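Data first, discussion second: the structure below is written as structure tokens.
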Amino acid sequence: MDAIHLTNIRAYGYTGALPEENVLGQWFQADIILYLDLAEATQSDRLTDTHDYRTVIAGTQQIIREAKFALIERLAGAIAASALESDPRLQRVTVKVTKLTPPIPDYTGQVAVEISRDRIQ
């Protein structure tokens, strides 16, 4: 299956299990892989024969900004569902959501969740 990779989609959001995360917010990053057949687009060179990924980028940023979930797993699920709904040609999506600065004492790393979802036929 062919794929379109969307990386480093960033937005400020309010997802987190701690109360202060829901009030103060934090930066999130999403990386998304869209799986679909790109054979026609490789020959036609027409946008209509591929997925206009601008819709997924804008939708992802909107979900991160507006949704308030306790878990980044739920945030990743909402992004995946939205992406699959954006185009019936998409067969599968993989979404990785990264909490860039998790509020964990003495921890300077990042926390990420990656999920894959298939279109239900």
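Chain labels A, B, ... are given in the sequence in which chains occur in the structure tokens; within each chain residues are numbered consecutively from 1, and ligands are likewise numbered from 1 in the order shown.
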So which residues of stretch 5-120 of chain A fall under strand (DSSP E) by DSSP, listed as number ranges by chain?
-> A: 5-13, 26-36, 92-99, 111-118
Please list as a PyMOL selection string every residue within 12 Å of A:Pro88, counting only C-alpha atoms and excluding residues in the same chain fewer than 6 positions away.
chain A and resi 34-37+50-51+81-82+118-121
Once you have the residues from the selection above, write them out as a compact mmCIF listing (two decimals), in the first residue's frame, restricted to all heavy atoms.
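Below is the file that was written, result-v1.txt:
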# COMPACT_ATOMS: atom_id res chain seq x y z
N LEU A 34 -0.91 8.27 5.94
CA LEU A 34 -2.15 7.99 5.24
C LEU A 34 -1.87 6.92 4.19
O LEU A 34 -1.02 7.11 3.32
CB LEU A 34 -2.67 9.25 4.54
CG LEU A 34 -2.81 10.50 5.40
CD1 LEU A 34 -3.14 11.70 4.52
CD2 LEU A 34 -3.87 10.30 6.46
N TYR A 35 -2.58 5.79 4.26
CA TYR A 35 -2.37 4.69 3.34
C TYR A 35 -3.48 4.66 2.30
O TYR A 35 -4.66 4.59 2.66
CB TYR A 35 -2.34 3.36 4.09
CG TYR A 35 -1.18 3.24 5.04
CD1 TYR A 35 -1.30 3.62 6.37
CD2 TYR A 35 0.05 2.76 4.61
CE1 TYR A 35 -0.23 3.50 7.25
CE2 TYR A 35 1.13 2.64 5.48
CZ TYR A 35 0.97 3.03 6.80
OH TYR A 35 2.03 2.92 7.66
N LEU A 36 -3.09 4.74 1.04
CA LEU A 36 -4.04 4.68 -0.05
C LEU A 36 -3.31 4.33 -1.33
O LEU A 36 -2.08 4.39 -1.40
CB LEU A 36 -4.80 6.00 -0.22
CG LEU A 36 -4.02 7.20 -0.75
CD1 LEU A 36 -5.02 8.23 -1.27
CD2 LEU A 36 -3.16 7.85 0.31
N ASP A 37 -4.06 3.98 -2.36
CA ASP A 37 -3.48 3.65 -3.66
C ASP A 37 -3.17 4.95 -4.39
O ASP A 37 -4.07 5.74 -4.69
CB ASP A 37 -4.47 2.81 -4.45
CG ASP A 37 -3.91 2.33 -5.78
OD1 ASP A 37 -2.78 2.74 -6.15
OD2 ASP A 37 -4.61 1.57 -6.46
N THR A 50 -5.29 12.09 -5.74
CA THR A 50 -4.61 11.74 -4.50
C THR A 50 -5.42 12.33 -3.35
O THR A 50 -6.52 12.84 -3.56
CB THR A 50 -3.15 12.25 -4.49
OG1 THR A 50 -2.49 11.73 -3.32
CG2 THR A 50 -3.07 13.75 -4.53
N HIS A 51 -4.88 12.28 -2.18
CA HIS A 51 -5.57 12.87 -1.02
C HIS A 51 -5.02 14.26 -0.77
O HIS A 51 -3.80 14.45 -0.71
CB HIS A 51 -5.38 12.00 0.22
CG HIS A 51 -6.07 12.54 1.43
ND1 HIS A 51 -7.43 12.55 1.54
CD2 HIS A 51 -5.59 13.12 2.54
CE1 HIS A 51 -7.75 13.11 2.69
NE2 HIS A 51 -6.64 13.47 3.32
N ALA A 81 -9.67 8.86 13.58
CA ALA A 81 -11.04 8.80 13.08
C ALA A 81 -11.33 9.95 12.12
O ALA A 81 -11.93 9.76 11.06
CB ALA A 81 -12.03 8.81 14.24
N SER A 82 -10.88 11.13 12.47
CA SER A 82 -11.08 12.30 11.62
C SER A 82 -10.36 12.14 10.28
O SER A 82 -10.91 12.45 9.23
CB SER A 82 -10.59 13.56 12.34
OG SER A 82 -10.66 14.68 11.49
N ASP A 118 -7.76 0.88 10.60
CA ASP A 118 -8.16 0.53 9.24
C ASP A 118 -9.59 1.00 8.98
O ASP A 118 -10.40 1.05 9.92
CB ASP A 118 -8.10 -0.99 9.04
CG ASP A 118 -6.70 -1.53 9.13
OD1 ASP A 118 -5.79 -0.91 8.56
OD2 ASP A 118 -6.52 -2.60 9.78
N ARG A 119 -9.87 1.29 7.72
CA ARG A 119 -11.24 1.61 7.34
C ARG A 119 -12.06 0.34 7.46
O ARG A 119 -11.65 -0.73 6.99
CB ARG A 119 -11.30 2.13 5.90
CG ARG A 119 -12.73 2.39 5.44
CD ARG A 119 -12.78 3.07 4.11
NE ARG A 119 -12.05 4.33 4.10
CZ ARG A 119 -12.48 5.46 4.66
NH1 ARG A 119 -13.62 5.48 5.31
NH2 ARG A 119 -11.77 6.55 4.56
N ILE A 120 -13.19 0.45 8.09
CA ILE A 120 -14.09 -0.71 8.23
C ILE A 120 -14.93 -0.80 6.96
O ILE A 120 -15.62 0.15 6.61
CB ILE A 120 -14.97 -0.57 9.48
CG1 ILE A 120 -14.09 -0.52 10.73
CG2 ILE A 120 -15.96 -1.72 9.56
CD1 ILE A 120 -14.84 -0.20 12.00
N GLN A 121 -14.81 -1.91 6.29
CA GLN A 121 -15.52 -2.09 5.00
C GLN A 121 -16.93 -2.57 5.24
O GLN A 121 -17.25 -3.29 6.07
CB GLN A 121 -14.78 -3.09 4.12
CG GLN A 121 -13.36 -2.68 3.83
CD GLN A 121 -13.25 -1.50 2.88
OE1 GLN A 121 -14.14 -1.27 2.07
NE2 GLN A 121 -12.17 -0.77 2.98
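Neighbours of A:Val97 closer than or equal to 6 Å, with only C-alpha atoms counted and sequence neighbours fewer than 3 positions away skipped, come out as Gln29, Ala30, Ala76, Ala112 and Val113 of chain A.
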Using N, CA, C and O atoms, can you write the selected residues to a file as a PDB file, in the first residue's frame?
ATOM      1  N   GLN A  29       2.629  17.232  19.245  1.00  0.00           N
ATOM      2  CA  GLN A  29       3.044  17.013  17.864  1.00  0.00           C
ATOM      3  C   GLN A  29       2.375  15.750  17.360  1.00  0.00           C
ATOM      4  O   GLN A  29       2.303  14.752  18.077  1.00  0.00           O
ATOM      5  N   ALA A  30       1.909  15.781  16.125  1.00  0.00           N
ATOM      6  CA  ALA A  30       1.317  14.599  15.505  1.00  0.00           C
ATOM      7  C   ALA A  30       2.065  14.272  14.219  1.00  0.00           C
ATOM      8  O   ALA A  30       2.432  15.171  13.454  1.00  0.00           O
ATOM      9  N   ALA A  76      -5.129  10.607  20.046  1.00  0.00           N
ATOM     10  CA  ALA A  76      -4.680   9.908  18.838  1.00  0.00           C
ATOM     11  C   ALA A  76      -5.846   9.226  18.131  1.00  0.00           C
ATOM     12  O   ALA A  76      -5.950   9.263  16.900  1.00  0.00           O
ATOM     13  N   ALA A 112       5.091   9.513  23.762  1.00  0.00           N
ATOM     14  CA  ALA A 112       4.332   9.394  22.514  1.00  0.00           C
ATOM     15  C   ALA A 112       3.490   8.130  22.516  1.00  0.00           C
ATOM     16  O   ALA A 112       3.840   7.134  23.150  1.00  0.00           O
ATOM     17  N   VAL A 113       2.387   8.199  21.789  1.00  0.00           N
ATOM     18  CA  VAL A 113       1.507   7.057  21.572  1.00  0.00           C
ATOM     19  C   VAL A 113       1.319   6.926  20.066  1.00  0.00           C
ATOM     20  O   VAL A 113       1.123   7.932  19.376  1.00  0.00           O
TER      21      VAL A 113
END
| request: Name the residues of stretch 40-79 of chain A that fall into helix (DSSP H, G or I) according to DSSP on the backbone, using the chain letters and numbers of this document, as a ChimeraX atom specification. | output: /A:40-44,47-49,54-66,72-79
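Distance annotation: of A:Ala78, A:Val93, A:Ala17, A:Leu100, the residue with the minimal separation from A:Ser116 is A:Val93; atom set is only C-alpha atoms.
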- Task: May I ask which of the residues A:Gly59, A:Glu20, A:Thr48, A:Thr15 is the closest one to A:Arg74, counting only C-alpha atoms?
- Result: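 Smallest separation from A:Arg74 among the options: A:Thr15.
Near A:Arg65, within 7 Å and counting only C-alpha atoms, sit Ala11, Tyr12 and Gly13 of chain A; same-chain residues fewer than 5 positions away were not included.
Atom CA of A:Ala39 sits 8.3 Å away from atom CA of A:Asp2.
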- Neighbour list for A:Gly109 as a list in words, cut-off 10 Å, only C-alpha atoms, skip fewer than 4 positions in-chain: Lys99, Leu100, Thr101, Pro102 and Ile104 of chain A
- Task: Using only C-alpha atoms, find the one residue out of A:Ile63, A:Ile32, A:Leu71, A:Leu47 that sits nearest to A:Arg117.
- Result: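 Looking at the shortest contact to A:Arg117, the residue is A:Ile32.
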From the list A:Thr108, A:Pro19, A:Thr55, A:Glu114, the nearest residue to A:Gly77 using only C-alpha atoms is A:Glu114
inquiry  = List as a VMD selection string the protein and nucleic acid residues near A:Pro103, meaning an atom at most 9 Å away when only C-alpha atoms are counted, but skip any in the same chain fewer than 4 places from it.
reply    = chain A and resid 18 21 107
Convert the current residue selection to file output with N, CA and C atoms, as a PDB file, in the first residue's frame.
ATOM      1  N   LEU A  18      -3.575  15.228  34.334  1.00  0.00           N
ATOM      2  CA  LEU A  18      -3.436  16.135  35.476  1.00  0.00           C
ATOM      3  C   LEU A  18      -4.285  17.388  35.268  1.00  0.00           C
ATOM      4  N   GLU A  21      -2.824  20.288  33.332  1.00  0.00           N
ATOM      5  CA  GLU A  21      -2.678  20.113  31.886  1.00  0.00           C
ATOM      6  C   GLU A  21      -3.925  20.585  31.148  1.00  0.00           C
ATOM      7  N   TYR A 107      12.317  14.626  34.382  1.00  0.00           N
ATOM      8  CA  TYR A 107      12.243  13.915  33.102  1.00  0.00           C
ATOM      9  C   TYR A 107      12.247  14.947  31.980  1.00  0.00           C
TER      10      TYR A 107
END
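Interatomic distance, atom CA of A:Asn8 to atom CA of A:Ala67: 18.9 Å.
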